[in-house]
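Engineer: First the structure, then my questions, so here it is.
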Amino acid sequence: MPKIDHAPERLTVPGPDHGRAVLARKWASLLSRVTVVSPGREELDRELRDMLDTLCECLHSMSSDATRAERVGARLVALGYVGEPGLRSTLDVLGKGFAALPEFQPADRFAERIVLTLGALSCGFLLAHERSVLGLQETMHLSLLKAVRDAQWNLKESEARFEQVVTSSASGIALVAVDGRIVRANAALAEMLGRGPAELTGAVLYDVVHPDTVGLLREAMTALLDGGRERIRQSQRLLRGDGDVARISLTASLLRDAEDRPGHFVVVVEDGTELMLLRGELSRQALHDVLTGLPNRQYFGTHLETALRRADPVYGVTLFHVDLDAFGMVCNSLGRRAGEQLLVHFAQRLRVVMARERAMIARFHSDEFGILVENTAETPDIAAIVRAINDELAEPFFIDGHGLALSASAGVVHRPERGIDPIELLRQADQTLRRAKTRRRGQWKMFDREADAHDRRTQALAVGMAGAWENGRIGVRYRPMGRLADGEVAGVEARLHWDRPDETALSHECCLELAEPTGLVLPLGDWMLRAAARQGEWWRQSAGFSLPMVVGLTAHQVSDEALGTRVTRLLADTGLSPGQLTLGVPAGALAVSGVIENVTALADLGVHVMLDEFGLGPDDLRAIEDLPVGIVRVDRRLAEWQAWSDSTFLGALVPLVRQVGATLVVDGIHTEDQAKWWRAAGAELATGDYFGTASPAGELAGPFAGT
């Protein structure tokens with residue numbers, strides 16, 4: 001490779017520190033307006049920059065530990081931002097700011113982490129705020145207790161202090177007699193209750209407590225009088241003068257006289273309405289999708305459990321798992337922003353379709369949505385609902401001048417059995433959707449218990465295949481490739497075999513079909529190729545075996561960019577001659593990018609290339625002419641077709657292959673009649689049970705057996 005003397009000039013792009021610095025300054029500017037105890041601006045900038053770096057590290061980390069984000073929330077409280085405005089400003093500026101930072105692009109990849117990190121920050125903030133409030137209440141109580149005790153020694157001085165504390169406190173304070181009458185209340189408590197201080201004096205404390213919770217307060221006050229507790233703390237609801245309810249945190253202690261007899265209760269009230277509202281908003285955000293405003297999967301799952309319990313025994317419920325077709329194409333061609341607009345539009349259309357039904361619509365993830373319908377006698381049939389959804393989507397929706405008209409596919413579970421686990425029900429709908437989308441779009445499919453059981457068995461085999469391979473239950477067997485003219489062995493083909501002691505063994509084709517969806521097909525296929533090459537070289541050295549070793553490649557293998565490199569290394573490691581190796585290439589894979597280049601590279605190495613599964617595609621003959629392919633193998637399905645149908649087409653196929661100079665091999669020859677027909681037609685080689693089944697290397701008959 002020629003040496004490059006000068007690297008190309010690059011534009012200077014601001015790094016992540018620049019973006020963070022701008023965001024930190026904006027954060028400091030907003031917080032400086034709402035602080036209770038304001039530090040210096042330089043100190044504030046420094047503190048916020050350090051906290052912002054910590055949050056960014058949390059977002060980049062794959063760990064689910066939220067401790068550092070919670071500490072940032074607690075530090076905000078320590079800086080003096082102890083109220084709702086401070087937290088609200090923080091969530092607003094960071095929620096938008098993180099999504100705009102270049103280091104967190106694409107934004108949808110980090111959206112969930114941003115929400116979780118800000119949630120952890122909020123949690124830390126709320127906990128620290130609560131501790132701050134409790135600490136303030138504790139300090140106030142101690143001050144009040146000290147003031148009252150000192151009154152025994154110096155009444156005038158203690159009354160003056162008490163008056164100052166009560167009057168200046170932002171918390172509601174009341175001196176309550178042991179019978180519950182309010183002896184004294186400050187202005188803060190009167191404001192919380194929407195009453196005048198004079199109106200509260202002489203009133204009974206229990207009369208301003210909500211009837212649903214007054215019993216708990218009476219019991220707690222009695223415990224204080226009995227000496228069972230020194231202090232009580234409760235979340236309570238007080239009745240305001242305008243009829244509304246004030247949600248508060250109430251703390252009460254008992255003051256005793258010099259003879260240790262109960263004197264008065266000191267009650268401190270902290271208004272928790274704003275905190276409750278903030279918690280409610282955070283809870284709503286945790287249960288709803290940020291983009292569409294629909295319930296998320298967690299909320300949907302909880303609702304599903306409730307709906308199943310109350311379902312009508314006659315009509316039941318119907319669960320739709322809906323997927324927006326071609327969503328990936330929209331995002332790739334028009335950008336992620338267009339995709340997000342499309343999702344919002346789709347959510348709105350779903351609301352319109354289900355407006356008259358008792359239904360919940362949720363966004364699960366990406367372009368997948370769930371719809372739970374609690375059926376009645378008037379509920380439309382499933383086909384009508386799916387048709388209505390697709391009719392709505394068929395109306396063009398314009399994004400930046402592009403008119404989009406898409407379709408949706410759906411998996412449907414109608415009237416599931418009573419007592420079903422909601423998680424299992426969601427799984428059934430998801431799997432049904434996958435079956436509905438197989439090779440088609442804009443369709444829906446009803447849950448089929450038998451098909452689902454078959455799919456689960458197949459998938460269980462697929463996911464357990466790696467373990468079986470590791471444990472040696474998957475091996476390589478070899479079958480002869482025979483000459484139709486005289487029945488002699490003309491080559492050996494390697495085949496996979498999964499030995500299952502308690503069940504039927506799985507064939508080569510089944511193994512490849514199971515390995516494909518999990519991605520195991522590439523390492524497994526490479527392992528089979530290497531094992532076959534070693535066996536072929538061993539046969540050559542020990543028994544003079546010089547016939548071709550045939551290994552069929554999968555579409556996955558033949559499209560791999562490193563195929564040529566791997567085959568070169570394999571030949572070097574095993575010592576097998578390139579001319580003794582024949583690799584089968586599926587004809588259907590030729591259209592895949594990179595396959596033709598790999599076929600040419602294999603031929604350049606001296607490896608023989610066989611076009612497998614020949615005769616099923618319209619361009620198969622052209623491929624023989626255009627590519628360095630000297631052998632073609634007719635697909636076994638055509639051999640089976642010849643056995644029971646008119647063979648005019650197949651009879652014409654053989655001369656065409658011979659005309660381009662290729663050797664014709666036929667797969668699936670199981671009977672003597674088949675062998676005779678293909679021999680008469682002009683085929684030269686064949687594989688199938690007629691010439692021998694796949695066997696372990698040591699059992700294979702022929703001049704190279706016994707190895």
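In the structure tokens, chains take letters A, B, ... by order of appearance, with residues numbered from 1 within each chain and ligands from 1 in the order shown.
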Could you name the residues that touch Lys445 of chain A at 7 Å or less, counting only C-alpha atoms, but leaving out those on the same chain fewer than 3 positions away, as a PyMOL selection string?
Structural biologist: chain A and resi 410-412+432-433+436
Engineer: Could you turn the residues from that selection into a file that holds N, CA and C atoms, as an mmCIF file, in the first residue's frame?
Structural biologist:
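Resulting contents of out_3.cif:
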```
data_model
loop_
_atom_site.group_PDB
_atom_site.id
_atom_site.type_symbol
_atom_site.label_atom_id
_atom_site.label_comp_id
_atom_site.auth_asym_id
_atom_site.auth_seq_id
_atom_site.Cartn_x
_atom_site.Cartn_y
_atom_site.Cartn_z
ATOM 1 N N ALA A 410 -51.135 -6.853 11.711
ATOM 2 C CA ALA A 410 -51.590 -7.064 13.091
ATOM 3 C C ALA A 410 -51.624 -8.543 13.429
ATOM 4 N N GLY A 411 -51.230 -8.827 14.655
ATOM 5 C CA GLY A 411 -51.439 -10.143 15.253
ATOM 6 C C GLY A 411 -52.548 -10.009 16.280
ATOM 7 N N VAL A 412 -53.534 -10.894 16.237
ATOM 8 C CA VAL A 412 -54.750 -10.737 17.037
ATOM 9 C C VAL A 412 -54.973 -11.969 17.905
ATOM 10 N N THR A 432 -47.985 -13.927 16.815
ATOM 11 C CA THR A 432 -48.984 -13.930 15.742
ATOM 12 C C THR A 432 -48.689 -12.825 14.740
ATOM 13 N N LEU A 433 -48.242 -11.673 15.233
ATOM 14 C CA LEU A 433 -47.847 -10.586 14.339
ATOM 15 C C LEU A 433 -46.685 -11.022 13.448
ATOM 16 N N ALA A 436 -48.000 -13.068 10.736
ATOM 17 C CA ALA A 436 -48.782 -12.280 9.782
ATOM 18 C C ALA A 436 -47.879 -11.528 8.803
#
```
Engineer: Give me, as a ChimeraX atom specification, all polymer residues having an atom no more than 7 Å from Leu121 of chain A, counting only C-alpha atoms and skipping those fewer than 2 positions away in the same chain.
Structural biologist: /A:69-70,72-73,117-119,123-125
Engineer: Go ahead and write the residues just picked, all heavy atoms, as a PDB file, in the first residue's frame.
Structural biologist:
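Wrote it out as part_6.pdb, contents follow:
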```pdb
ATOM      1  N   ALA A  69     -26.834   9.809  39.475  1.00  0.00           N
ATOM      2  CA  ALA A  69     -27.852  10.799  39.091  1.00  0.00           C
ATOM      3  C   ALA A  69     -28.654  11.240  40.302  1.00  0.00           C
ATOM      4  O   ALA A  69     -29.033  12.422  40.429  1.00  0.00           O
ATOM      5  CB  ALA A  69     -28.765  10.215  38.023  1.00  0.00           C
ATOM      6  N   GLU A  70     -28.939  10.318  41.223  1.00  0.00           N
ATOM      7  CA  GLU A  70     -29.668  10.698  42.438  1.00  0.00           C
ATOM      8  C   GLU A  70     -28.844  11.661  43.294  1.00  0.00           C
ATOM      9  O   GLU A  70     -29.391  12.593  43.898  1.00  0.00           O
ATOM     10  CB  GLU A  70     -30.007   9.437  43.234  1.00  0.00           C
ATOM     11  CG  GLU A  70     -31.015   8.531  42.542  1.00  0.00           C
ATOM     12  CD  GLU A  70     -31.267   7.257  43.319  1.00  0.00           C
ATOM     13  OE1 GLU A  70     -30.612   7.048  44.350  1.00  0.00           O
ATOM     14  OE2 GLU A  70     -32.129   6.470  42.877  1.00  0.00           O
ATOM     15  N   VAL A  72     -26.789  13.868  42.175  1.00  0.00           N
ATOM     16  CA  VAL A  72     -26.880  15.193  41.552  1.00  0.00           C
ATOM     17  C   VAL A  72     -28.156  15.902  42.017  1.00  0.00           C
ATOM     18  O   VAL A  72     -28.146  17.090  42.348  1.00  0.00           O
ATOM     19  CB  VAL A  72     -26.853  15.070  40.021  1.00  0.00           C
ATOM     20  CG1 VAL A  72     -27.165  16.399  39.364  1.00  0.00           C
ATOM     21  CG2 VAL A  72     -25.491  14.568  39.556  1.00  0.00           C
ATOM     22  N   GLY A  73     -29.283  15.160  42.065  1.00  0.00           N
ATOM     23  CA  GLY A  73     -30.526  15.756  42.559  1.00  0.00           C
ATOM     24  C   GLY A  73     -30.392  16.227  43.987  1.00  0.00           C
ATOM     25  O   GLY A  73     -30.863  17.312  44.364  1.00  0.00           O
ATOM     26  N   THR A 117     -32.379   8.687  33.536  1.00  0.00           N
ATOM     27  CA  THR A 117     -31.421   9.483  34.301  1.00  0.00           C
ATOM     28  C   THR A 117     -32.103  10.679  34.947  1.00  0.00           C
ATOM     29  O   THR A 117     -31.871  10.993  36.119  1.00  0.00           O
ATOM     30  CB  THR A 117     -30.284   9.941  33.380  1.00  0.00           C
ATOM     31  OG1 THR A 117     -29.626   8.796  32.834  1.00  0.00           O
ATOM     32  CG2 THR A 117     -29.265  10.768  34.153  1.00  0.00           C
ATOM     33  N   LEU A 118     -32.966  11.386  34.190  1.00  0.00           N
ATOM     34  CA  LEU A 118     -33.690  12.515  34.770  1.00  0.00           C
ATOM     35  C   LEU A 118     -34.653  12.046  35.843  1.00  0.00           C
ATOM     36  O   LEU A 118     -34.898  12.741  36.829  1.00  0.00           O
ATOM     37  CB  LEU A 118     -34.434  13.289  33.671  1.00  0.00           C
ATOM     38  CG  LEU A 118     -33.533  14.005  32.662  1.00  0.00           C
ATOM     39  CD1 LEU A 118     -34.377  14.768  31.651  1.00  0.00           C
ATOM     40  CD2 LEU A 118     -32.573  14.954  33.353  1.00  0.00           C
ATOM     41  N   GLY A 119     -35.226  10.843  35.663  1.00  0.00           N
ATOM     42  CA  GLY A 119     -36.084  10.296  36.711  1.00  0.00           C
ATOM     43  C   GLY A 119     -35.300  10.045  37.988  1.00  0.00           C
ATOM     44  O   GLY A 119     -35.769  10.315  39.095  1.00  0.00           O
ATOM     45  N   CYS A 123     -35.765  11.727  41.588  1.00  0.00           N
ATOM     46  CA  CYS A 123     -35.929  10.922  42.797  1.00  0.00           C
ATOM     47  C   CYS A 123     -34.972  11.399  43.885  1.00  0.00           C
ATOM     48  O   CYS A 123     -35.362  11.585  45.042  1.00  0.00           O
ATOM     49  CB  CYS A 123     -35.689   9.455  42.467  1.00  0.00           C
ATOM     50  SG  CYS A 123     -35.876   8.368  43.886  1.00  0.00           S
ATOM     51  N   GLY A 124     -33.696  11.625  43.499  1.00  0.00           N
ATOM     52  CA  GLY A 124     -32.732  12.125  44.474  1.00  0.00           C
ATOM     53  C   GLY A 124     -33.110  13.489  44.996  1.00  0.00           C
ATOM     54  O   GLY A 124     -32.950  13.784  46.185  1.00  0.00           O
ATOM     55  N   PHE A 125     -33.618  14.347  44.086  1.00  0.00           N
ATOM     56  CA  PHE A 125     -34.048  15.685  44.487  1.00  0.00           C
ATOM     57  C   PHE A 125     -35.187  15.603  45.497  1.00  0.00           C
ATOM     58  O   PHE A 125     -35.170  16.262  46.542  1.00  0.00           O
ATOM     59  CB  PHE A 125     -34.493  16.463  43.240  1.00  0.00           C
ATOM     60  CG  PHE A 125     -34.870  17.909  43.508  1.00  0.00           C
ATOM     61  CD1 PHE A 125     -33.964  18.929  43.261  1.00  0.00           C
ATOM     62  CD2 PHE A 125     -36.114  18.241  44.004  1.00  0.00           C
ATOM     63  CE1 PHE A 125     -34.303  20.247  43.505  1.00  0.00           C
ATOM     64  CE2 PHE A 125     -36.463  19.552  44.249  1.00  0.00           C
ATOM     65  CZ  PHE A 125     -35.559  20.572  44.006  1.00  0.00           C
TER      66      PHE A 125
END
```
Engineer: Give me the residues near Leu55 of chain A as an MDAnalysis selection string, where near means some atom within 12 Å (using only C-alpha atoms) and where sequence neighbours in that chain fewer than 4 positions away do not count.
Structural biologist: chainID A and resid 20 24 48:51 59:61 65:73 94:95 97:98 113:121
Engineer: Only N, CA and C atoms, please: the residues just picked out, written as a PDB file, in the first residue's frame.
Structural biologist:
```pdb
ATOM      1  N   ARG A  20     -21.410  20.971  26.370  1.00  0.00           N
ATOM      2  CA  ARG A  20     -21.750  20.885  27.788  1.00  0.00           C
ATOM      3  C   ARG A  20     -21.632  22.246  28.471  1.00  0.00           C
ATOM      4  N   ALA A  24     -24.491  24.046  30.513  1.00  0.00           N
ATOM      5  CA  ALA A  24     -24.308  24.365  31.931  1.00  0.00           C
ATOM      6  C   ALA A  24     -24.612  25.828  32.199  1.00  0.00           C
ATOM      7  N   LEU A  48     -22.553  23.354  38.694  1.00  0.00           N
ATOM      8  CA  LEU A  48     -23.449  22.799  37.670  1.00  0.00           C
ATOM      9  C   LEU A  48     -22.669  22.106  36.575  1.00  0.00           C
ATOM     10  N   ARG A  49     -21.491  22.618  36.226  1.00  0.00           N
ATOM     11  CA  ARG A  49     -20.688  21.958  35.195  1.00  0.00           C
ATOM     12  C   ARG A  49     -20.239  20.568  35.674  1.00  0.00           C
ATOM     13  N   ASP A  50     -19.825  20.483  36.944  1.00  0.00           N
ATOM     14  CA  ASP A  50     -19.419  19.184  37.495  1.00  0.00           C
ATOM     15  C   ASP A  50     -20.595  18.215  37.505  1.00  0.00           C
ATOM     16  N   MET A  51     -21.795  18.728  37.900  1.00  0.00           N
ATOM     17  CA  MET A  51     -22.974  17.860  37.931  1.00  0.00           C
ATOM     18  C   MET A  51     -23.366  17.426  36.516  1.00  0.00           C
ATOM     19  N   LEU A  59     -25.262   8.814  31.233  1.00  0.00           N
ATOM     20  CA  LEU A  59     -25.937   8.530  29.962  1.00  0.00           C
ATOM     21  C   LEU A  59     -25.067   7.666  29.053  1.00  0.00           C
ATOM     22  N   HIS A  60     -23.746   7.835  29.122  1.00  0.00           N
ATOM     23  CA  HIS A  60     -22.870   7.023  28.288  1.00  0.00           C
ATOM     24  C   HIS A  60     -22.671   5.627  28.859  1.00  0.00           C
ATOM     25  N   SER A  61     -22.900   5.500  30.165  1.00  0.00           N
ATOM     26  CA  SER A  61     -22.674   4.203  30.808  1.00  0.00           C
ATOM     27  C   SER A  61     -23.793   3.250  30.472  1.00  0.00           C
ATOM     28  N   ASP A  65     -27.155   1.498  37.183  1.00  0.00           N
ATOM     29  CA  ASP A  65     -27.031   2.117  38.497  1.00  0.00           C
ATOM     30  C   ASP A  65     -27.387   3.591  38.398  1.00  0.00           C
ATOM     31  N   ALA A  66     -28.400   4.022  39.167  1.00  0.00           N
ATOM     32  CA  ALA A  66     -28.880   5.408  39.109  1.00  0.00           C
ATOM     33  C   ALA A  66     -28.362   6.223  40.274  1.00  0.00           C
ATOM     34  N   THR A  67     -27.406   5.694  41.056  1.00  0.00           N
ATOM     35  CA  THR A  67     -26.976   6.369  42.282  1.00  0.00           C
ATOM     36  C   THR A  67     -26.375   7.725  41.989  1.00  0.00           C
ATOM     37  N   ARG A  68     -25.512   7.808  40.931  1.00  0.00           N
ATOM     38  CA  ARG A  68     -24.845   9.090  40.672  1.00  0.00           C
ATOM     39  C   ARG A  68     -25.844  10.163  40.266  1.00  0.00           C
ATOM     40  N   ALA A  69     -26.834   9.809  39.475  1.00  0.00           N
ATOM     41  CA  ALA A  69     -27.852  10.799  39.091  1.00  0.00           C
ATOM     42  C   ALA A  69     -28.654  11.240  40.302  1.00  0.00           C
ATOM     43  N   GLU A  70     -28.939  10.318  41.223  1.00  0.00           N
ATOM     44  CA  GLU A  70     -29.668  10.698  42.438  1.00  0.00           C
ATOM     45  C   GLU A  70     -28.844  11.661  43.294  1.00  0.00           C
ATOM     46  N   ARG A  71     -27.517  11.451  43.311  1.00  0.00           N
ATOM     47  CA  ARG A  71     -26.675  12.369  44.085  1.00  0.00           C
ATOM     48  C   ARG A  71     -26.701  13.771  43.506  1.00  0.00           C
ATOM     49  N   VAL A  72     -26.789  13.868  42.175  1.00  0.00           N
ATOM     50  CA  VAL A  72     -26.880  15.193  41.552  1.00  0.00           C
ATOM     51  C   VAL A  72     -28.156  15.902  42.017  1.00  0.00           C
ATOM     52  N   GLY A  73     -29.283  15.160  42.065  1.00  0.00           N
ATOM     53  CA  GLY A  73     -30.526  15.756  42.559  1.00  0.00           C
ATOM     54  C   GLY A  73     -30.392  16.227  43.987  1.00  0.00           C
ATOM     55  N   LEU A  94     -32.492  20.322  30.959  1.00  0.00           N
ATOM     56  CA  LEU A  94     -31.699  19.124  30.678  1.00  0.00           C
ATOM     57  C   LEU A  94     -32.422  18.188  29.716  1.00  0.00           C
ATOM     58  N   GLY A  95     -33.755  18.075  29.845  1.00  0.00           N
ATOM     59  CA  GLY A  95     -34.498  17.210  28.942  1.00  0.00           C
ATOM     60  C   GLY A  95     -34.315  17.614  27.495  1.00  0.00           C
ATOM     61  N   GLY A  97     -31.832  19.833  26.492  1.00  0.00           N
ATOM     62  CA  GLY A  97     -30.412  20.015  26.219  1.00  0.00           C
ATOM     63  C   GLY A  97     -29.693  18.733  25.877  1.00  0.00           C
ATOM     64  N   PHE A  98     -29.958  17.635  26.646  1.00  0.00           N
ATOM     65  CA  PHE A  98     -29.296  16.362  26.363  1.00  0.00           C
ATOM     66  C   PHE A  98     -29.619  15.892  24.946  1.00  0.00           C
ATOM     67  N   ARG A 113     -32.483   6.327  28.080  1.00  0.00           N
ATOM     68  CA  ARG A 113     -31.502   6.604  29.131  1.00  0.00           C
ATOM     69  C   ARG A 113     -31.699   8.006  29.707  1.00  0.00           C
ATOM     70  N   ILE A 114     -32.017   9.001  28.839  1.00  0.00           N
ATOM     71  CA  ILE A 114     -32.245  10.368  29.316  1.00  0.00           C
ATOM     72  C   ILE A 114     -33.417  10.402  30.275  1.00  0.00           C
ATOM     73  N   VAL A 115     -34.518   9.707  29.891  1.00  0.00           N
ATOM     74  CA  VAL A 115     -35.702   9.695  30.770  1.00  0.00           C
ATOM     75  C   VAL A 115     -35.361   9.054  32.104  1.00  0.00           C
ATOM     76  N   LEU A 116     -34.656   7.900  32.072  1.00  0.00           N
ATOM     77  CA  LEU A 116     -34.319   7.196  33.310  1.00  0.00           C
ATOM     78  C   LEU A 116     -33.363   8.018  34.177  1.00  0.00           C
ATOM     79  N   THR A 117     -32.379   8.687  33.536  1.00  0.00           N
ATOM     80  CA  THR A 117     -31.421   9.483  34.301  1.00  0.00           C
ATOM     81  C   THR A 117     -32.103  10.679  34.947  1.00  0.00           C
ATOM     82  N   LEU A 118     -32.966  11.386  34.190  1.00  0.00           N
ATOM     83  CA  LEU A 118     -33.690  12.515  34.770  1.00  0.00           C
ATOM     84  C   LEU A 118     -34.653  12.046  35.843  1.00  0.00           C
ATOM     85  N   GLY A 119     -35.226  10.843  35.663  1.00  0.00           N
ATOM     86  CA  GLY A 119     -36.084  10.296  36.711  1.00  0.00           C
ATOM     87  C   GLY A 119     -35.300  10.045  37.988  1.00  0.00           C
ATOM     88  N   ALA A 120     -34.069   9.501  37.841  1.00  0.00           N
ATOM     89  CA  ALA A 120     -33.231   9.258  39.014  1.00  0.00           C
ATOM     90  C   ALA A 120     -32.835  10.569  39.678  1.00  0.00           C
ATOM     91  N   LEU A 121     -32.511  11.596  38.849  1.00  0.00           N
ATOM     92  CA  LEU A 121     -32.201  12.918  39.404  1.00  0.00           C
ATOM     93  C   LEU A 121     -33.392  13.445  40.203  1.00  0.00           C
TER      94      LEU A 121
END
```
Engineer: List every residue of segment 309-386 of chain A that has an atom at most 8 Å from any atom of segment 399-409 of chain A, giving for each one its closest atom pair and the distance in Å to one decimal, counting only C-alpha atoms, sorted by chain and then by ascending residue number, as CSV.
Structural biologist:
```
residue,atom,partner,partner_atom,distance
A:Val322,CA,A:Ser409,CA,5.7
A:Asp323,CA,A:Ser409,CA,5.3
A:Leu324,CA,A:Ala408,CA,4.6
A:Asp325,CA,A:Ala408,CA,5.2
A:Ala326,CA,A:Leu406,CA,7.2
A:Ala338,CA,A:Ile399,CA,6.4
A:Gln341,CA,A:Ile399,CA,7.6
```
Engineer: Between atom CA of Ala680 of chain A and atom CA of Ala623 of chain A, measure the distance and give it in Å to one decimal.
Structural biologist: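 The value is 25.1 Å.
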Engineer: Counting only C-alpha atoms, what is within 9 Å of Gly293 of chain A, bar same-chain residues fewer than 6 positions away, as an mmCIF file with N, CA, C and O atoms, in the first residue's frame?
Structural biologist:
```
data_model
loop_
_atom_site.group_PDB
_atom_site.id
_atom_site.type_symbol
_atom_site.label_atom_id
_atom_site.label_comp_id
_atom_site.auth_asym_id
_atom_site.auth_seq_id
_atom_site.Cartn_x
_atom_site.Cartn_y
_atom_site.Cartn_z
ATOM 1 N N GLN A 285 -45.383 10.628 33.440
ATOM 2 C CA GLN A 285 -44.348 10.527 32.413
ATOM 3 C C GLN A 285 -43.718 9.140 32.385
ATOM 4 O O GLN A 285 -43.327 8.646 31.326
ATOM 5 N N VAL A 344 -46.553 9.782 15.327
ATOM 6 C CA VAL A 344 -47.575 10.622 15.975
ATOM 7 C C VAL A 344 -48.870 10.579 15.167
ATOM 8 O O VAL A 344 -49.969 10.458 15.717
ATOM 9 N N ALA A 347 -50.571 7.231 15.701
ATOM 10 C CA ALA A 347 -51.231 7.181 17.008
ATOM 11 C C ALA A 347 -52.563 7.929 16.970
ATOM 12 O O ALA A 347 -53.574 7.468 17.529
ATOM 13 N N ALA A 362 -51.651 1.682 23.184
ATOM 14 C CA ALA A 362 -50.333 1.935 23.768
ATOM 15 C C ALA A 362 -49.265 1.785 22.704
ATOM 16 O O ALA A 362 -49.429 1.042 21.731
ATOM 17 N N ARG A 363 -48.189 2.524 22.899
ATOM 18 C CA ARG A 363 -47.017 2.331 22.040
ATOM 19 C C ARG A 363 -46.041 1.435 22.784
ATOM 20 O O ARG A 363 -45.590 1.772 23.872
#
```
Engineer: Give the answer as one residue: which of A:Ile420, A:Ala572, A:Val204, A:Leu700 has the shortest atom-to-atom distance to Met481 of chain A, using only C-alpha atoms?
Structural biologist: A:Leu700
Engineer: Looking at A:Arg633, A:Arg195, A:Arg483, A:Arg309, which one is nearest to Phe691 of chain A, with distances taken over only C-alpha atoms?
Structural biologist: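 Looking only at the distances to Phe691 of chain A, the closest residue turns out to be A:Arg483.
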Engineer: Expressed in Å to a single decimal, how great is the separation between atom CA of Arg247 of chain A and atom CA of Ala170 of chain A?
Structural biologist: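 So the answer is 15.9 Å.
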Engineer: Looking at only C-alpha atoms, which of A:Leu685, A:Ala515, A:Leu350, A:Met221 is the one that sits closest to Ala490 of chain A?
Structural biologist: A:Leu685
Engineer: Under the rule that only C-alpha atoms are counted, which of A:Cys510, A:Ile232, A:Leu175, A:Leu91 is the nearest residue to Leu205 of chain A?
Structural biologist: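 Of A:Cys510, A:Ile232, A:Leu175, A:Leu91, the one nearest Leu205 of chain A is A:Leu175, counting only C-alpha atoms.
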Engineer: Using only C-alpha atoms, can you tell me which of A:Cys331, A:Ala286, A:Ile596, A:Leu319 comes closest to Met446 of chain A?
Structural biologist: A:Leu319
Engineer: Neighbours of segment 255-272 of chain A within 7 Å (only C-alpha atoms; same-chain residues fewer than 3 positions away dropped), as a compact mmCIF listing (two decimals) with N, CA and C atoms, in the first residue's frame?
Structural biologist:
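What follows is the written file around_23.txt:
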```txt
# COMPACT_ATOMS: atom_id res chain seq x y z
N SER A 171 -43.75 27.33 57.73
CA SER A 171 -44.56 26.16 58.02
C SER A 171 -45.73 26.55 58.91
N GLY A 172 -46.81 25.82 58.77
CA GLY A 172 -47.95 26.06 59.64
C GLY A 172 -47.69 25.51 61.04
N ILE A 173 -47.94 26.31 62.07
CA ILE A 173 -47.70 25.90 63.46
C ILE A 173 -48.95 26.18 64.27
N ALA A 174 -49.31 25.21 65.08
CA ALA A 174 -50.48 25.38 65.95
C ALA A 174 -50.16 24.81 67.32
N LEU A 175 -50.62 25.54 68.38
CA LEU A 175 -50.56 25.05 69.75
C LEU A 175 -51.94 24.52 70.07
N VAL A 176 -52.03 23.22 70.35
CA VAL A 176 -53.32 22.55 70.48
C VAL A 176 -53.46 21.98 71.89
N ALA A 177 -54.61 22.23 72.50
CA ALA A 177 -54.89 21.69 73.83
C ALA A 177 -55.07 20.18 73.74
N VAL A 178 -54.96 19.51 74.90
CA VAL A 178 -55.06 18.05 74.89
C VAL A 178 -56.43 17.57 74.45
N LEU A 225 -50.42 11.06 74.20
CA LEU A 225 -50.89 11.31 75.57
C LEU A 225 -50.55 10.14 76.48
N ARG A 247 -53.23 18.73 50.84
CA ARG A 247 -52.41 17.57 51.20
C ARG A 247 -51.18 18.07 51.93
N ILE A 248 -50.99 17.61 53.16
CA ILE A 248 -49.92 18.16 54.00
C ILE A 248 -49.16 17.05 54.69
N SER A 249 -48.00 17.43 55.23
CA SER A 249 -47.24 16.55 56.12
C SER A 249 -47.35 17.13 57.52
N LEU A 250 -47.85 16.35 58.47
CA LEU A 250 -48.13 16.83 59.82
C LEU A 250 -47.21 16.14 60.82
N THR A 251 -46.59 16.95 61.69
CA THR A 251 -45.75 16.44 62.76
C THR A 251 -46.26 17.01 64.08
N ALA A 252 -46.39 16.19 65.10
CA ALA A 252 -46.93 16.64 66.39
C ALA A 252 -46.09 16.08 67.53
N LEU A 275 -45.67 19.26 45.95
CA LEU A 275 -44.85 18.06 45.85
C LEU A 275 -45.66 16.88 45.32
N MET A 276 -46.91 16.76 45.77
CA MET A 276 -47.77 15.68 45.29
C MET A 276 -48.06 15.83 43.80
```
Engineer: Counting only C-alpha atoms, figure out which residue out of A:Gln535, A:Gln348, A:Ser593, A:Gln428 gets nearest to Leu576 of chain A.
Structural biologist: A:Gln535
Engineer: Could you find all residues in segment 358-568 of chain A that DSSP calls strand (DSSP E) from the backbone, and write them as a PyMOL selection string?
Structural biologist: chain A and resi 359-365+368-374+397-399+402-404+408-414+444-446+474-483+489-498+549-552
Engineer: Could you jot down the atom CA of Ala100 of chain A to atom CA of Leu52 of chain A separation for me, Å, one decimal place?
Structural biologist: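 Those two atoms sit 14.1 Å apart.
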Engineer: Check the DSSP output for the backbone and give back, as a PyMOL selection string, the residues of segment 470-550 of chain A in helix (DSSP H, G or I).
Structural biologist: chain A and resi 470+508-518+521-543
Engineer: Counting only C-alpha atoms, what is within 10 Å of Asn296 of chain A, bar same-chain residues fewer than 3 positions away, as a PyMOL selection string?
Structural biologist: chain A and resi 285-290+292-293+299-301+361-365+369-370
